[in-house]
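Novice: Handing you this structure, nothing more for now.
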Amino acid sequence: MVLKNIFPGIKAVWRSLDISGKVSAIILILLIILAVFAPFFSWLPHERSSGPPLSPPGMPHLLGTDELGVDIWAMICFGARISLAVGLGTALLAGLGGGIIGMFAAFKGGWVDRFFMRLIDIMIALPNLPMMIVLAAFWGPSLINIIVVLALFSWSIPARIVRSGALSLKEQPYIKMASHYGAGSFYLITRHFIPELLPIVMVSMIRLAGKAIVAEASLAFLGLGDPTSRSWGLIINHAVNFKGIYFTDFWKWWLLYPWMFLTLLVTSLALLGKNLERIADPRMEKLAKWS
Amino acid sequence: MDILRGKKRSSSIFRVVEYFLTFLVIISLNFALPRMMPGEPFLHYSGEVDELVAFYSKEQIQYYHEYYGLDRPLHEQYFSYLKDLAEGDLGFSYYYKENVRTIILRRLPWTMFLVISAMGLSIIAGIILGSYSAWHRGKWQDSVLYTALVVFSEIPAFLVGLALLIWLGAGLGLFPLAGAATHFANYDSIWDKIADMLHHAALPVLTLTLSRTGGIYLLVRNSLGTVLAKDYMLTARAKGLKELRIRYVYALRNALMPLCTRIAIQLGALIGGAILAENVFSYPGIGVLMRSAVVVRDYPLIQGIFLVLAVGVMVANMLADLAYKYIDPRTRPAVIGSREMEEF
């Protein structure tokens with residue numbers, strides 16, 4: 001029932017995007033293609049040296065090399081995978097977990113609801129980045145840990161959205177009617193609540209993915225990322241920590257290109273998210289402001 | 001926050017209990033973290049290639065075991081931890097060979113300077129731009145400003161900082177690349193010293209201001225838009241009041257009320273931004289300290305910094321709550337309802 005409507009749905013969404021939304025969507029699709037088919041786009045290895053160190057952009061090093069002679073274009077291609085994995089993983093984990101918690105809180109009500117609402121308030125009051133730094137420092141900086149930590153800090157947004165959506169749906173006449181005809185909670189949730197709430201949860205997941213990518217890049221920039229996976233943040237970290245980089249020309253490729261790709265990805269995710277929020281629910285813009 | 005939580009704004013006692021709970025969660029987290037670490041905690045270090053590699057001497061490991069009291073039962077550890085905290089004892093940093101509290105207190109003023117000046121500047125810029133936009137609603141000035149600020153507010157602070165560092169610092173050479181003051185400088189007067197410090201702080205403050213202005217701008221723009229549509233604005237015009245009076249006394253003052261809580265909620269993000277900006281510009285505040293503490297695995301120091309930051313943000317939120325109650329007559333009891341607030 002949801003799947004059947006996907007193609008006309010995408011068409012309708014595309015038509016209601018404004019210019020910034022359309023450009024962002026195209027950039028995102030290009031970056032996803034780059035990540036998925038990374039080996040086809042980069043002809044040089046991304047993990048070991050393949051030429052002289054610190055050579056400027058040219059052939060065969062499209063975007064130059066770093067201090068060990070590793071090709072920067074190859075690192076950017078494969079780094080896109082890490083950013084996308086972090087964004088997707090966190091959004092799925094937090095969206096699913098937060099969605100379930102929000103639905104549970106809305107259906108149970110009473111002290112369960114109050115407990116989760118207080119918990120969400122506490123999560124919001126904690127400063128995220130310092131908390132993430134502490135967790136990454138104590139648990140060790142593996143990619144899985146980073147995704148789990150990010151999800152722990154983002155489930156509250158989909159949870160609140162689902163909860164408030166479910167609460168207002170519960171008051172709708174058709175839901176009450178179905179319930180009087182003997183529909184159980186499970187039937188109501190799968191047949192009415194999930195199809196109704198899925199679009200706004202997905203939109204909030206796009207926003208979460210953007211935030212997660214920023215957070216991963218920030219941690220990597222501080223040197224707290226997974227040292228075995230070269231994300232864009234980690235390339236920037238290595239470049240910035242290279243002694244005297246600002247007195248040389250090296251930053252013109254080593255720092256600039258990963259910076260450009262990261263900025264492009266983050267901005268287009270955010271702009272697309274803002275656009276979709278406006279389309280999915282005009283009220284959402286107000287809600288999202290407080291997160 | 002309240003519109004999402006549900007119906008009414010909770011009573012003061014409830015808020016106090018909530019803040020107490022948050023405080024307890026922060027402390028308990030801080031207590032639990034080193035004890036949840038996998039394996040022997042103090043033999044753990046990262047494979048990251050860096051100039052500083054964590055190395056623990058025997059006496060250091062012994063100190064950590066003693067400090068965390070790992071050989072005693074858990075509840076005893078917890079209470080002795082609470083007792084230490086109550087006495088203001090945050091432990092001893094082996095790397096810096098000093099008390100954690102002393103180190104943090106020395107670094108804190110730098111960070112606070114950055115955070116407070118960025119906050120002040122972004123509030124001023126946000127209000128000016130936001131009200132400009134609201135008064136030009138629907139015209140091209142508004143849509144240009146809106147797009148530009150939304151894009152800017154979405155780019156994370158450290159990317160903005162890097163761009164400024166490369167462009168204004170390295171490219172044009174207008175600003176120093178690192179530090180908070182010139183090393184070994186002899187100043188002719190106190191003013192020279194202040195000018196030097198401001199010169200060093202300019203880029204980090206500008207970075208944080210740029211990334212924070214967007215949020216405040218959006219809030220002012222929306223909230224002023226709502227206020228401008230109210231009946232009392234029409235009344236004010238009908239009374240023939242001067243345009244300036246209508247704009248600043250009638251509209252802006254009412255529109256700025258939600259700003260108060262908004263700023264406190266943003267403080268957490270602002271501190272996160274400050275940590276990153278400090279690391280971009282090697283500014284010697286808490287953020288740089290935290291990073292180097294992580295690199296050398298100085299656990300008491302990491303925890304001390306986290307505690308100070310978390311409690312600081314919490315206290316700011318609490319103050320904002322109180323201030324909001326004081327400023328906005330609508331949140332006082334015995335008013336018919338708080339429907340007005342829900343519009344923000």
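For the structure tokens, the naming scheme is as follows: chains receive sequential letters (A, B, ...) according to their order of presentation, residues are indexed from 1 within each chain, and ligands are indexed from 1 in presentation order.
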Identify all chain B residues at most 7 Å from chain A by counting only C-alpha atoms; ligands do not count. Present them as a ChimeraX atom specification.
Specialist: /B:1,4,22,33-34,37,48,151,154-156,159,170,268-269,272,291,294,302,306,310,313-314
Novice: Could you give me, as an mmCIF file with N, CA, C and O atoms, in the first residue's frame, the residues within 10 Å of Leu228 of chain B, counting only C-alpha atoms and dropping anything in the same chain fewer than 6 positions from it?
Specialist:
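The resulting file, result_22.cif, is shown below:
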```cif
data_model
loop_
_atom_site.group_PDB
_atom_site.id
_atom_site.type_symbol
_atom_site.label_atom_id
_atom_site.label_comp_id
_atom_site.auth_asym_id
_atom_site.auth_seq_id
_atom_site.Cartn_x
_atom_site.Cartn_y
_atom_site.Cartn_z
ATOM 1 N N ALA B 134 11.604 40.515 8.478
ATOM 2 C CA ALA B 134 10.170 40.480 8.787
ATOM 3 C C ALA B 134 9.463 41.702 8.219
ATOM 4 O O ALA B 134 8.329 41.632 7.762
ATOM 5 N N TRP B 135 10.159 42.846 8.232
ATOM 6 C CA TRP B 135 9.529 44.058 7.720
ATOM 7 C C TRP B 135 9.526 44.122 6.193
ATOM 8 O O TRP B 135 8.828 44.907 5.597
ATOM 9 N N ASN B 222 10.324 34.740 12.310
ATOM 10 C CA ASN B 222 9.011 34.101 12.445
ATOM 11 C C ASN B 222 8.181 34.735 13.532
ATOM 12 O O ASN B 222 6.985 34.979 13.368
ATOM 13 N N LEU B 234 -2.603 46.783 14.695
ATOM 14 C CA LEU B 234 -3.551 47.615 13.966
ATOM 15 C C LEU B 234 -4.009 48.778 14.848
ATOM 16 O O LEU B 234 -4.083 49.933 14.401
ATOM 17 N N ILE B 246 6.022 52.012 16.937
ATOM 18 C CA ILE B 246 5.312 50.778 16.618
ATOM 19 C C ILE B 246 6.308 49.632 16.451
ATOM 20 O O ILE B 246 6.154 48.559 16.999
ATOM 21 N N ARG B 247 7.370 49.928 15.714
ATOM 22 C CA ARG B 247 8.321 48.871 15.414
ATOM 23 C C ARG B 247 9.047 48.380 16.650
ATOM 24 O O ARG B 247 9.167 47.185 16.881
ATOM 25 N N TYR B 250 6.244 48.262 20.275
ATOM 26 C CA TYR B 250 5.101 47.349 20.181
ATOM 27 C C TYR B 250 5.499 45.995 19.609
ATOM 28 O O TYR B 250 5.182 44.960 20.176
ATOM 29 N N ALA B 251 6.169 46.008 18.481
ATOM 30 C CA ALA B 251 6.410 44.737 17.789
ATOM 31 C C ALA B 251 7.613 43.991 18.359
ATOM 32 O O ALA B 251 7.483 42.881 18.875
ATOM 33 N N LEU B 252 8.778 44.638 18.294
ATOM 34 C CA LEU B 252 9.999 43.906 18.594
ATOM 35 C C LEU B 252 10.029 43.379 20.024
ATOM 36 O O LEU B 252 10.415 42.252 20.283
ATOM 37 N N ASN B 254 7.691 42.456 21.979
ATOM 38 C CA ASN B 254 6.872 41.262 22.147
ATOM 39 C C ASN B 254 7.432 40.075 21.391
ATOM 40 O O ASN B 254 7.278 38.943 21.803
ATOM 41 N N ALA B 255 8.091 40.376 20.279
ATOM 42 C CA ALA B 255 8.602 39.278 19.467
ATOM 43 C C ALA B 255 9.838 38.639 20.091
ATOM 44 O O ALA B 255 10.163 37.498 19.808
#
```
Novice: Can you list, as a ChimeraX atom specification, every residue of segment 55-143 of chain B that DSSP puts in strand (DSSP E)?
Specialist: /B:92-93,98-99
Novice: As a PyMOL selection string, please: every residue in segment 76-325 of chain B that DSSP puts in alpha helix (DSSP H).
Specialist: chain B and resi 76-86+100-135+140-154+157-164+190-228+231-238+243-245+253-255+259-280+286-295+299-325
Novice: Would you mind listing what lies within 10 Å of His200 of chain B as a VMD selection string, with only C-alpha atoms counted and same-chain residues fewer than 2 positions away left out?
Specialist: chain B and resid 175 to 182 194 to 198 202 to 205 281 283
Novice: Within 10 Å of Ile32 of chain A, counting only C-alpha atoms, which residues show up once you throw out same-chain ones fewer than 3 positions away? Write them as an NGL selection string, please.
Specialist: :A and (26-29 or 35-38 or 80-81 or 84 or 265)
